[in-house]
$ cat data-v2.cif   # mmCIF, C-alpha atoms and all ligand atoms
data_final
loop_
_atom_site.group_PDB
_atom_site.id
_atom_site.type_symbol
_atom_site.label_atom_id
_atom_site.label_comp_id
_atom_site.auth_asym_id
_atom_site.auth_seq_id
_atom_site.Cartn_x
_atom_site.Cartn_y
_atom_site.Cartn_z
ATOM 1 C CA MET K 909 9.099 146.432 139.811
ATOM 2 C CA ALA K 910 7.769 146.206 136.280
ATOM 3 C CA GLU K 911 9.309 143.488 134.168
ATOM 4 C CA HIS K 912 11.087 145.857 131.763
ATOM 5 C CA GLU K 913 12.786 147.802 134.576
ATOM 6 C CA SER K 914 16.288 146.789 135.481
ATOM 7 C CA PRO K 915 17.192 146.637 139.174
ATOM 8 C CA ALA K 916 18.576 149.805 140.768
ATOM 9 C CA VAL K 917 22.309 150.158 140.375
ATOM 10 C CA THR K 918 24.118 149.567 143.649
ATOM 11 C CA TYR K 919 27.758 149.777 144.657
ATOM 12 C CA GLY K 920 27.983 146.001 144.455
ATOM 13 C CA SER K 921 26.252 145.604 141.112
ATOM 14 C CA TYR K 922 28.106 148.449 139.421
ATOM 15 C CA LEU K 923 31.519 147.218 140.530
ATOM 16 C CA GLN K 924 30.604 143.540 140.303
ATOM 17 C CA VAL K 925 31.953 143.054 143.797
ATOM 18 C CA ASP K 926 30.581 139.514 144.165
ATOM 19 C CA GLN K 927 32.343 138.422 140.994
ATOM 20 C CA LEU K 928 35.525 140.264 141.964
ATOM 21 C CA LEU K 929 35.700 138.558 145.354
ATOM 22 C CA GLN K 930 35.317 135.173 143.698
ATOM 23 C CA LEU K 931 38.491 135.646 141.699
ATOM 24 C CA GLN K 932 41.003 134.879 144.470
ATOM 25 C CA GLN K 933 41.465 131.121 144.419
ATOM 26 C CA PRO K 934 44.543 130.077 146.411
ATOM 27 C CA ARG K 935 46.100 126.721 145.526
ATOM 28 C CA SER K 936 47.151 126.096 149.149
ATOM 29 C CA ASP K 937 45.872 126.885 152.642
ATOM 30 C CA GLU K 938 48.954 128.975 153.351
ATOM 31 C CA HIS K 939 48.169 132.375 154.805
ATOM 32 C CA ASP K 940 50.384 134.487 152.517
ATOM 33 C CA GLU K 941 49.093 133.103 149.243
ATOM 34 C CA VAL K 942 46.036 135.367 149.436
ATOM 35 C CA LEU K 943 48.261 138.444 149.532
ATOM 36 C CA PHE K 944 50.341 137.070 146.657
ATOM 37 C CA ILE K 945 47.244 136.610 144.484
ATOM 38 C CA ILE K 946 45.640 139.925 145.370
ATOM 39 C CA ILE K 947 48.773 141.936 144.738
ATOM 40 C CA HIS K 948 49.259 140.404 141.303
ATOM 41 C CA GLN K 949 45.607 140.979 140.437
ATOM 42 C CA VAL K 950 45.858 144.594 141.527
ATOM 43 C CA TYR K 951 48.957 144.978 139.313
ATOM 44 C CA GLU K 952 47.067 143.560 136.359
ATOM 45 C CA LEU K 953 44.212 146.013 136.931
ATOM 46 C CA TRP K 954 46.633 148.920 137.040
ATOM 47 C CA PHE K 955 48.397 147.608 133.915
ATOM 48 C CA LYS K 956 44.991 147.682 132.217
ATOM 49 C CA GLU K 957 44.483 151.290 133.287
ATOM 50 C CA VAL K 958 48.026 152.278 132.223
ATOM 51 C CA LEU K 959 47.388 150.835 128.746
ATOM 52 C CA HIS K 960 44.035 152.626 128.596
ATOM 53 C CA GLU K 961 45.765 155.920 129.398
ATOM 54 C CA LEU K 962 48.762 155.349 127.091
ATOM 55 C CA ASP K 963 46.356 154.723 124.224
ATOM 56 C CA ARG K 964 44.782 158.060 125.061
ATOM 57 C CA VAL K 965 48.175 159.785 125.140
ATOM 58 C CA MET K 966 48.900 158.503 121.623
ATOM 59 C CA ARG K 967 45.463 159.604 120.389
ATOM 60 C CA LEU K 968 45.969 163.078 121.880
ATOM 61 C CA LEU K 969 49.401 163.417 120.283
ATOM 62 C CA ARG K 970 47.925 162.433 116.927
ATOM 63 C CA ALA K 971 45.303 165.158 117.422
ATOM 64 C CA ASP K 972 48.052 167.706 118.239
ATOM 65 C CA LYS K 973 46.820 168.101 121.801
ATOM 66 C CA GLY K 974 50.222 168.168 123.481
ATOM 67 C CA ASP K 975 48.964 169.754 126.709
ATOM 68 C CA ARG K 976 46.254 167.166 127.160
ATOM 69 C CA ALA K 977 48.723 164.397 126.381
ATOM 70 C CA GLN K 978 50.987 165.740 129.096
ATOM 71 C CA HIS K 979 48.103 165.841 131.558
ATOM 72 C CA THR K 980 47.257 162.206 130.787
ATOM 73 C CA LEU K 981 50.899 161.195 131.130
ATOM 74 C CA LYS K 982 50.866 162.688 134.639
ATOM 75 C CA ARG K 983 48.105 160.270 135.552
ATOM 76 C CA VAL K 984 50.149 157.342 134.222
ATOM 77 C CA LEU K 985 53.135 158.485 136.264
ATOM 78 C CA THR K 986 51.046 158.709 139.419
ATOM 79 C CA ILE K 987 49.894 155.145 138.839
ATOM 80 C CA LEU K 988 53.495 154.054 138.298
ATOM 81 C CA LYS K 989 54.412 155.519 141.698
ATOM 82 C CA VAL K 990 51.712 153.330 143.246
ATOM 83 C CA LEU K 991 53.002 150.294 141.332
ATOM 84 C CA VAL K 992 56.488 150.878 142.687
ATOM 85 C CA ALA K 993 55.223 151.541 146.239
ATOM 86 C CA GLN K 994 53.192 148.323 146.217
ATOM 87 C CA VAL K 995 56.405 146.304 146.134
ATOM 88 C CA ASP K 996 56.812 147.245 149.828
ATOM 89 C CA ILE K 997 53.693 145.267 150.693
ATOM 90 C CA LEU K 998 54.938 142.054 149.093
ATOM 91 C CA GLU K 999 58.338 142.536 150.721
ATOM 92 C CA THR K 1000 56.669 141.973 154.102
ATOM 93 C CA MET K 1001 56.512 138.317 152.996
ATOM 94 C CA THR K 1002 59.678 136.519 154.111
ATOM 95 C CA PRO K 1003 61.520 133.929 151.962
ATOM 96 C CA LEU K 1004 60.210 131.140 154.202
ATOM 97 C CA GLU K 1005 56.637 132.394 153.948
ATOM 98 C CA PHE K 1006 56.926 132.423 150.152
ATOM 99 C CA LEU K 1007 58.341 128.892 150.202
ATOM 100 C CA THR K 1008 55.190 127.650 151.940
ATOM 101 C CA PHE K 1009 53.319 127.885 148.646
ATOM 102 C CA ARG K 1010 55.894 128.634 145.902
ATOM 103 C CA ASN K 1011 55.803 125.080 144.509
ATOM 104 C CA ARG K 1012 52.054 125.505 143.868
ATOM 105 C CA LEU K 1013 52.829 128.144 141.257
ATOM 106 C CA ALA K 1014 54.422 125.457 139.041
ATOM 107 C CA ALA K 1015 55.630 127.276 135.897
ATOM 108 C CA ALA K 1016 53.423 130.335 136.416
ATOM 109 C CA SER K 1017 55.377 133.611 136.488
ATOM 110 C CA GLY K 1018 55.050 137.356 135.925
ATOM 111 C CA PHE K 1019 57.038 136.505 132.812
ATOM 112 C CA GLN K 1020 53.667 135.548 131.339
ATOM 113 C CA SER K 1021 51.962 138.881 132.050
ATOM 114 C CA ASP K 1022 50.777 139.863 128.598
ATOM 115 C CA GLN K 1023 49.714 143.297 129.815
ATOM 116 C CA PHE K 1024 53.237 144.040 131.060
ATOM 117 C CA ARG K 1025 54.516 143.004 127.609
ATOM 118 C CA GLN K 1026 51.875 145.229 126.011
ATOM 119 C CA ILE K 1027 53.218 148.191 127.992
ATOM 120 C CA GLU K 1028 56.744 147.288 126.837
ATOM 121 C CA PHE K 1029 55.509 147.110 123.235
ATOM 122 C CA VAL K 1030 53.892 150.565 123.481
ATOM 123 C CA LEU K 1031 57.222 151.852 124.793
ATOM 124 C CA GLY K 1032 59.055 150.275 121.842
ATOM 125 C CA ALA K 1033 60.480 147.061 123.321
ATOM 126 C CA LYS K 1034 58.772 144.448 121.119
ATOM 127 C CA SER K 1035 59.649 140.785 120.871
ATOM 128 C CA ARG K 1036 58.125 137.890 118.950
ATOM 129 C CA ALA K 1037 59.081 135.496 121.757
ATOM 130 C CA SER K 1038 56.761 137.391 124.132
ATOM 131 C CA ILE K 1039 53.867 136.931 121.700
ATOM 132 C CA GLU K 1040 54.530 133.306 120.882
ATOM 133 C CA ARG K 1041 54.230 132.356 124.520
ATOM 134 C CA PHE K 1042 50.441 132.731 124.118
ATOM 135 C CA GLY K 1043 48.224 130.323 122.214
ATOM 136 C CA ALA K 1044 46.595 131.341 118.920
ATOM 137 C CA GLY K 1045 43.227 133.024 119.366
ATOM 138 C CA THR K 1046 43.696 133.894 123.047
ATOM 139 C CA ARG K 1047 42.927 137.401 124.301
ATOM 140 C CA ALA K 1048 46.588 137.870 125.236
ATOM 141 C CA ARG K 1049 47.843 136.812 121.807
ATOM 142 C CA GLN K 1050 45.380 139.054 119.958
ATOM 143 C CA ALA K 1051 46.205 142.049 122.122
ATOM 144 C CA LEU K 1052 49.948 141.566 121.662
ATOM 145 C CA GLU K 1053 49.657 141.033 117.894
ATOM 146 C CA ALA K 1054 47.732 144.314 117.620
ATOM 147 C CA ARG K 1055 50.388 146.175 119.617
ATOM 148 C CA TRP K 1056 53.189 144.467 117.682
ATOM 149 C CA ALA K 1057 52.009 145.984 114.412
ATOM 150 C CA ALA K 1058 51.081 149.397 115.845
ATOM 151 C CA PRO K 1059 53.351 152.460 116.016
ATOM 152 C CA THR K 1060 54.875 153.066 119.457
ATOM 153 C CA LEU K 1061 54.494 156.064 121.750
ATOM 154 C CA TRP K 1062 57.851 157.329 120.503
ATOM 155 C CA ASP K 1063 56.565 157.207 116.896
ATOM 156 C CA ALA K 1064 53.455 159.186 117.867
ATOM 157 C CA PHE K 1065 55.723 161.685 119.646
ATOM 158 C CA LEU K 1066 58.075 162.178 116.652
ATOM 159 C CA GLN K 1067 55.122 162.647 114.276
ATOM 160 C CA TYR K 1068 53.684 165.200 116.689
ATOM 161 C CA LEU K 1069 57.000 167.095 116.845
ATOM 162 C CA LYS K 1070 57.120 167.193 113.058
ATOM 163 C CA ARG K 1071 53.688 168.827 112.982
ATOM 164 C CA GLU K 1072 54.843 171.224 115.700
ATOM 165 C CA GLY K 1073 57.404 172.450 113.176
ATOM 166 C CA TYR K 1074 60.480 170.445 114.161
ATOM 167 C CA ASP K 1075 62.787 169.099 111.509
ATOM 168 C CA ILE K 1076 62.405 165.369 112.110
ATOM 169 C CA PRO K 1077 64.140 163.473 109.271
ATOM 170 C CA GLU K 1078 61.833 161.386 107.069
ATOM 171 C CA ALA K 1079 63.750 158.194 107.935
ATOM 172 C CA HIS K 1080 62.564 158.553 111.524
ATOM 173 C CA LEU K 1081 58.980 159.382 110.626
ATOM 174 C CA SER K 1082 58.673 156.286 108.474
ATOM 175 C CA ARG K 1083 60.869 154.037 110.604
ATOM 176 C CA ASP K 1084 60.080 150.355 111.044
ATOM 177 C CA VAL K 1085 57.751 150.357 114.066
ATOM 178 C CA LEU K 1086 58.817 146.795 114.935
ATOM 179 C CA ALA K 1087 62.440 147.812 115.464
ATOM 180 C CA PRO K 1088 63.746 149.062 118.813
ATOM 181 C CA VAL K 1089 64.179 152.838 119.126
ATOM 182 C CA GLU K 1090 67.881 153.444 118.552
ATOM 183 C CA PRO K 1091 69.688 156.585 119.719
ATOM 184 C CA SER K 1092 69.956 159.202 116.973
ATOM 185 C CA ALA K 1093 72.286 162.207 116.859
ATOM 186 C CA GLU K 1094 69.839 164.020 114.534
ATOM 187 C CA ILE K 1095 66.897 163.616 116.895
ATOM 188 C CA GLN K 1096 69.084 164.622 119.828
ATOM 189 C CA GLN K 1097 69.956 167.871 118.065
ATOM 190 C CA VAL K 1098 66.248 168.597 117.527
ATOM 191 C CA LEU K 1099 65.533 167.884 121.190
ATOM 192 C CA ILE K 1100 68.370 170.108 122.430
ATOM 193 C CA ASP K 1101 66.944 172.923 120.343
ATOM 194 C CA LEU K 1102 63.446 172.199 121.671
ATOM 195 C CA TYR K 1103 64.580 172.208 125.317
ATOM 196 C CA ARG K 1104 66.223 175.588 124.854
ATOM 197 C CA LYS K 1105 63.351 177.310 123.056
ATOM 198 C CA ASP K 1106 60.079 175.542 123.731
ATOM 199 C CA PRO K 1107 59.131 175.228 127.420
ATOM 200 C CA ARG K 1108 55.726 173.750 126.609
ATOM 201 C CA ASN K 1109 57.016 170.813 124.613
ATOM 202 C CA SER K 1110 60.047 170.376 126.850
ATOM 203 C CA GLU K 1111 57.577 169.717 129.696
ATOM 204 C CA LEU K 1112 56.035 166.995 127.564
ATOM 205 C CA CYS K 1113 59.514 165.540 127.032
ATOM 206 C CA GLU K 1114 60.082 165.575 130.794
ATOM 207 C CA ARG K 1115 56.893 163.583 131.327
ATOM 208 C CA LEU K 1116 58.197 160.977 128.856
ATOM 209 C CA VAL K 1117 61.432 160.825 130.846
ATOM 210 C CA ASP K 1118 59.362 160.390 134.033
ATOM 211 C CA LEU K 1119 57.545 157.498 132.391
ATOM 212 C CA ASP K 1120 60.802 155.901 131.297
ATOM 213 C CA GLU K 1121 62.331 156.408 134.739
ATOM 214 C CA GLY K 1122 59.185 155.060 136.444
ATOM 215 C CA MET K 1123 59.342 151.814 134.462
ATOM 216 C CA GLN K 1124 63.027 151.444 135.296
ATOM 217 C CA GLU K 1125 62.267 152.086 138.960
ATOM 218 C CA TRP K 1126 59.678 149.323 138.912
ATOM 219 C CA ARG K 1127 62.161 146.907 137.353
ATOM 220 C CA TYR K 1128 64.768 147.796 139.962
ATOM 221 C CA ARG K 1129 62.383 147.330 142.894
ATOM 222 C CA HIS K 1130 61.097 144.078 141.398
ATOM 223 C CA VAL K 1131 64.579 142.598 141.029
ATOM 224 C CA LYS K 1132 65.492 143.630 144.591
ATOM 225 C CA MET K 1133 62.282 141.987 145.832
ATOM 226 C CA VAL K 1134 63.225 138.869 143.878
ATOM 227 C CA GLU K 1135 66.770 138.883 145.311
ATOM 228 C CA ARG K 1136 65.536 139.132 148.876
ATOM 229 C CA THR K 1137 62.788 136.557 148.423
ATOM 230 C CA ILE K 1138 64.432 133.813 146.321
ATOM 231 C CA GLY K 1139 68.088 134.890 146.127
ATOM 232 C CA ALA K 1140 69.913 133.252 143.219
ATOM 233 C CA LYS K 1141 67.284 130.550 142.622
ATOM 234 C CA PRO K 1142 65.882 130.223 139.104
ATOM 235 C CA GLY K 1143 62.434 131.697 138.380
ATOM 236 C CA THR K 1144 59.229 129.691 138.115
ATOM 237 C CA GLY K 1145 58.973 131.003 134.546
ATOM 238 C CA GLY K 1146 62.169 129.156 133.600
ATOM 239 C CA SER K 1147 64.678 132.000 133.560
ATOM 240 C CA SER K 1148 67.807 132.243 135.706
ATOM 241 C CA GLY K 1149 65.779 134.542 138.002
ATOM 242 C CA ALA K 1150 67.409 137.677 139.422
ATOM 243 C CA GLU K 1151 70.383 137.232 137.101
ATOM 244 C CA TYR K 1152 68.072 137.476 134.065
ATOM 245 C CA LEU K 1153 66.092 140.339 135.588
ATOM 246 C CA ARG K 1154 69.282 142.364 136.144
ATOM 247 C CA THR K 1155 69.857 142.286 132.366
ATOM 248 C CA THR K 1156 66.570 144.181 131.877
ATOM 249 C CA LEU K 1157 67.675 147.119 134.063
ATOM 250 C CA ALA K 1158 68.980 150.436 132.763
ATOM 251 C CA LYS K 1159 67.578 149.963 129.269
ATOM 252 C CA PRO K 1160 65.848 153.260 128.556
ATOM 253 C CA ALA K 1161 62.803 153.335 126.297
ATOM 254 C CA PHE K 1162 63.673 156.795 124.967
ATOM 255 C CA PRO K 1163 67.500 156.898 124.789
ATOM 256 C CA ASP K 1164 67.656 160.286 123.039
ATOM 257 C CA LEU K 1165 65.833 162.024 125.868
ATOM 258 C CA TRP K 1166 68.518 160.786 128.265
ATOM 259 C CA ALA K 1167 71.476 161.401 125.954
ATOM 260 C CA ILE K 1168 70.753 165.115 125.482
ATOM 261 C CA ARG K 1169 71.200 165.887 129.177
ATOM 262 C CA ALA K 1170 74.965 165.956 128.797
ATOM 263 C CA SER K 1171 74.646 168.649 126.111
ATOM 264 C CA LEU K 1172 72.111 170.963 127.745
HETATM 265 C C1 LIG C 1 57.752 137.202 145.726
HETATM 266 C C2 LIG C 1 57.498 137.980 144.711
HETATM 267 C C3 LIG C 1 58.039 137.780 143.334
HETATM 268 C C4 LIG C 1 59.049 136.970 142.912
HETATM 269 C C5 LIG C 1 59.937 136.051 143.727
HETATM 270 C C6 LIG C 1 59.146 137.159 141.478
HETATM 271 C C7 LIG C 1 60.058 136.517 140.681
HETATM 272 C C8 LIG C 1 60.229 136.728 139.338
HETATM 273 C C9 LIG C 1 61.241 136.102 138.527
HETATM 274 C C10 LIG C 1 62.298 135.135 139.026
HETATM 275 C C11 LIG C 1 61.083 136.547 137.254
HETATM 276 C C12 LIG C 1 61.909 136.144 136.031
HETATM 277 C C13 LIG C 1 61.130 135.218 135.144
HETATM 278 C C14 LIG C 1 61.017 133.818 135.690
HETATM 279 O O1 LIG C 1 61.892 133.003 135.421
HETATM 280 O O2 LIG C 1 60.020 133.544 136.380
HETATM 281 C C15 LIG C 1 59.975 137.473 137.262
HETATM 282 C C16 LIG C 1 59.523 138.170 136.169
HETATM 283 C C17 LIG C 1 58.480 139.051 136.194
HETATM 284 N N1 LIG C 1 57.682 139.348 137.281
HETATM 285 FE FE1 LIG C 1 57.968 138.772 139.174
HETATM 286 N N2 LIG C 1 58.229 138.074 141.077
HETATM 287 C C18 LIG C 1 57.523 138.480 142.169
HETATM 288 C C19 LIG C 1 56.484 139.382 142.186
HETATM 289 C C20 LIG C 1 55.962 140.013 141.087
HETATM 290 C C21 LIG C 1 54.861 140.935 141.095
HETATM 291 C C22 LIG C 1 54.051 141.376 142.312
HETATM 292 C C23 LIG C 1 54.645 141.309 139.818
HETATM 293 C C24 LIG C 1 53.562 142.221 139.371
HETATM 294 C C25 LIG C 1 52.860 142.010 138.301
HETATM 295 C C26 LIG C 1 55.625 140.650 138.997
HETATM 296 C C27 LIG C 1 55.757 140.794 137.632
HETATM 297 C C28 LIG C 1 56.758 140.262 136.875
HETATM 298 C C29 LIG C 1 56.963 140.588 135.477
HETATM 299 C C30 LIG C 1 56.144 141.549 134.649
HETATM 300 C C31 LIG C 1 58.055 139.834 135.055
HETATM 301 C C32 LIG C 1 58.709 139.859 133.673
HETATM 302 C C33 LIG C 1 59.858 140.861 133.727
HETATM 303 C C34 LIG C 1 60.741 140.883 132.488
HETATM 304 O O3 LIG C 1 60.813 139.876 131.746
HETATM 305 O O4 LIG C 1 61.379 141.927 132.253
HETATM 306 N N3 LIG C 1 56.426 139.885 139.799
HETATM 307 N N4 LIG C 1 59.480 137.566 138.532
#
$ encode --input "data-v2.cif" --output "structure tokens" --more "lines below"
Ligand code: HEM
Amino acid sequence: MAEHESPAVTYGSYLQVDQLLQLQQPRSDEHDEVLFIIIHQVYELWFKEVLHELDRVMRLLRADKGDRAQHTLKRVLTILKVLVAQVDILETMTPLEFLTFRNRLAAASGFQSDQFRQIEFVLGAKSRASIERFGAGTRARQALEARWAAPTLWDAFLQYLKREGYDIPEAHLSRDVLAPVEPSAEIQQVLIDLYRKDPRNSELCERLVDLDEGMQEWRYRHVKMVERTIGAKPGTGGSSGAEYLRTTLAKPAFPDLWAIRASL
């Protein structure tokens, strides 16, 4: 091989399999810790892909490509189904099996998943406390700061609807992107009208509802997994555990899309 030629691409080199397989470093010799690490790593990889796709959805909406945005949302939803289904695998680990290595986690917890928080931020649930958990200059902190300041998926959607000819009030188009999305009677009226007359965009709305429902499904399955694995014990991340997690359930990202159902 001449010096300037790079080696042929192989499965292993392209996917960096050697590096990938080095990344599972259990802190105990307990059998189940390998599963625990792998499953969390797989979640983080899917979170990365979900963010990659949600960024695309927002770009497509800004470019008035509603159909393509819907298509991309379908991919996100399919990933979410996998994320929910994966909980079954970890539920094969009994409470006693988890206890064999739980103390090795110290204060580490899914609470500190910056990518999960990034997804929440894109969906409109932003919090400074989630950002401040990460040190200045870290990848996590920079990523969260960028998403903190950026418009949410709901903002991109409302702007898109305006350009599609819907009468979205100015106050909503220029709303504070840091604030949570509050239910709005005006937006609900627009959406009711849209559902009755515009099958194309109502499909897009349904995909947003799927996304919202998918996230809520994940939260529900996660809290049930927590209840069956650690019961009422506090979390390693310092919260009350399942009790705290139950407070995060049934909080829709897009309340207007749920509220209109009673009026359709
Ligand atoms: C045996 C399995 C698991 C247990 C017992 C468990 C336990 C907990 C607990 C107690 C919390 C609350 C925060 C705390 O005080 O630590 C939490 C939060 C969290 N966990 Fe898990 N977890 C498990 C598996 C997973 C998996 C596989 C993921 C996937 C990434 C995950 C992601 C998260 C996330 C994102 C949060 C933050 C949720 C929020 O604040 O709304 N957990 N977990």
$ atom_distance --input "data-v2.cif" --atom1 "atom C4 of ligand LIG 1 (chain C)" --atom2 "atom CA of Lys989 of chain K"
19.2 Å
$ atom_distance --input "data-v2.cif" --atom1 "atom CA of Glu1078 of chain K" --atom2 "atom CA of Ala971 of chain K"
19.9 Å
$ resolve_selection --input "data-v2.cif" --expression "the PyMOL selection byres (((chain K and resi 1042-1048) around 10) and not hetatm)" --output "list in words"
Gln1020, Ser1021, Asp1022, Gln1023, Arg1025, Gln1026, Ala1037, Ser1038, Ile1039, Glu1040, Arg1041, Arg1049, Gln1050, Ala1051, Leu1052 and Glu1053 of chain K
$ resolve_selection --input "data-v2.cif" --expression "the PyMOL selection byres (((chain K and resi 1121-1130) around 8) and not hetatm)" --output "list in words"
Leu985, Leu988, Lys989, Leu991, Val992, Val995, Val1117, Asp1118, Leu1119, Asp1120, Val1131, Lys1132, Met1133, Val1134, Leu1153, Thr1156, Leu1157, Ala1158, Lys1159 and Pro1160 of chain K
$ atom_distance --input "data-v2.cif" --atom1 "atom CA of Gln1067 of chain K" --atom2 "atom CA of Ser1082 of chain K"
9.3 Å
$ residues_near_ligand --input "data-v2.cif" --ligand "ligand LIG 1 (chain C)" --cutoff "6 Å" --atoms "only C-alpha atoms and all ligand atoms" --output "ChimeraX atom specification"
/K:947-948,951,1017-1019,1021,1024,1134,1137-1138,1143-1150,1153,1156
$ closest_residue --input "data-v2.cif" --among "K:Ala1058, K:Ile1095, K:Ala1140, K:Val958" --to "Pro1163 of chain K" --atoms "only C-alpha atoms"
K:Ile1095
$ resolve_selection --input "data-v2.cif" --expression "the PyMOL selection byres (((chain K and resi 959) around 9) and not hetatm)" --output "PyMOL selection string"
chain K and resi 954-958+960-964+984+1023+1026-1027+1030
$ closest_residue --input "data-v2.cif" --among "K:Leu1004, K:Leu1031, K:Ala1093, K:Leu969" --to "Glu1072 of chain K" --atoms "all atoms listed in the file"
K:Leu969
$ closest_residue --input "data-v2.cif" --among "K:Leu923, K:Ala1033, K:Pro1003, K:Val950" --to "Ala1161 of chain K" --atoms "all atoms listed in the file"
K:Ala1033
$ closest_residue --input "data-v2.cif" --among "K:Glu1111, K:Thr1155, K:Glu1005, K:Ala1170" --to "Lys982 of chain K" --atoms "all atoms listed in the file"
K:Glu1111
$ closest_residue --input "data-v2.cif" --among "K:Leu953, K:Ile945, K:Leu1069, K:Leu1061" --to "Leu1013 of chain K" --atoms "all atoms listed in the file"
K:Ile945
$ closest_residue --input "data-v2.cif" --among "K:His939, K:Ile1076, K:Gln978, K:Leu1066" --to "Val965 of chain K" --atoms "all atoms listed in the file"
K:Gln978
$ residues_around --input "data-v2.cif" --residues "segment 925-936 of chain K" --least-positions-apart "6" --cutoff "8 Å" --atoms "all atoms listed in the file" --output "NGL selection string"
:K and (919 or 942 or 945-946 or 1009 or 1012)
$ residues_around --input "data-v2.cif" --residues "Ile1100 of chain K" --least-positions-apart "5" --cutoff "9 Å" --atoms "only C-alpha atoms" --output "ChimeraX atom specification"
/K:1095,1105,1168-1169,1171-1172
$ build_atoms --input "data-v2.cif" --residues "segment 1039-1044 of chain K" --atoms "all heavy atoms" --output "mmCIF file, in the coordinates of the input"
data_model
loop_
_atom_site.group_PDB
_atom_site.id
_atom_site.type_symbol
_atom_site.label_atom_id
_atom_site.label_comp_id
_atom_site.auth_asym_id
_atom_site.auth_seq_id
_atom_site.Cartn_x
_atom_site.Cartn_y
_atom_site.Cartn_z
ATOM 1 N N ILE K 1039 55.186 137.201 122.297
ATOM 2 C CA ILE K 1039 53.867 136.931 121.700
ATOM 3 C C ILE K 1039 53.635 135.429 121.603
ATOM 4 O O ILE K 1039 52.562 134.927 121.928
ATOM 5 C CB ILE K 1039 53.782 137.540 120.279
ATOM 6 C CG1 ILE K 1039 53.949 139.058 120.343
ATOM 7 C CG2 ILE K 1039 52.491 137.138 119.601
ATOM 8 C CD1 ILE K 1039 53.765 139.753 119.017
ATOM 9 N N GLU K 1040 54.691 134.733 121.179
ATOM 10 C CA GLU K 1040 54.530 133.306 120.882
ATOM 11 C C GLU K 1040 54.316 132.445 122.120
ATOM 12 O O GLU K 1040 53.924 131.280 122.027
ATOM 13 C CB GLU K 1040 55.694 132.819 120.010
ATOM 14 C CG GLU K 1040 55.410 133.162 118.548
ATOM 15 C CD GLU K 1040 56.640 133.478 117.721
ATOM 16 O OE1 GLU K 1040 57.743 133.068 118.145
ATOM 17 O OE2 GLU K 1040 56.499 134.144 116.676
ATOM 18 N N ARG K 1041 54.509 133.054 123.271
ATOM 19 C CA ARG K 1041 54.230 132.356 124.520
ATOM 20 C C ARG K 1041 52.725 132.094 124.682
ATOM 21 O O ARG K 1041 52.312 131.240 125.445
ATOM 22 C CB ARG K 1041 54.722 133.256 125.655
ATOM 23 C CG ARG K 1041 54.972 132.580 126.925
ATOM 24 C CD ARG K 1041 55.746 133.483 127.885
ATOM 25 N NE ARG K 1041 57.158 133.581 127.593
ATOM 26 C CZ ARG K 1041 57.841 134.728 127.512
ATOM 27 N NH1 ARG K 1041 57.241 135.873 127.685
ATOM 28 N NH2 ARG K 1041 59.129 134.714 127.265
ATOM 29 N N PHE K 1042 51.897 132.841 123.950
ATOM 30 C CA PHE K 1042 50.441 132.731 124.118
ATOM 31 C C PHE K 1042 49.810 132.011 122.938
ATOM 32 O O PHE K 1042 50.177 132.257 121.789
ATOM 33 C CB PHE K 1042 49.829 134.130 124.275
ATOM 34 C CG PHE K 1042 50.385 134.869 125.455
ATOM 35 C CD1 PHE K 1042 51.420 135.769 125.306
ATOM 36 C CD2 PHE K 1042 49.904 134.619 126.732
ATOM 37 C CE1 PHE K 1042 51.965 136.419 126.398
ATOM 38 C CE2 PHE K 1042 50.435 135.265 127.836
ATOM 39 C CZ PHE K 1042 51.465 136.171 127.670
ATOM 40 N N GLY K 1043 48.857 131.135 123.241
ATOM 41 C CA GLY K 1043 48.224 130.323 122.214
ATOM 42 C C GLY K 1043 47.431 131.161 121.217
ATOM 43 O O GLY K 1043 46.915 132.233 121.562
ATOM 44 N N ALA K 1044 47.339 130.647 119.967
ATOM 45 C CA ALA K 1044 46.595 131.341 118.920
ATOM 46 C C ALA K 1044 45.151 131.559 119.380
ATOM 47 O O ALA K 1044 44.556 130.674 119.991
ATOM 48 C CB ALA K 1044 46.634 130.523 117.643
#
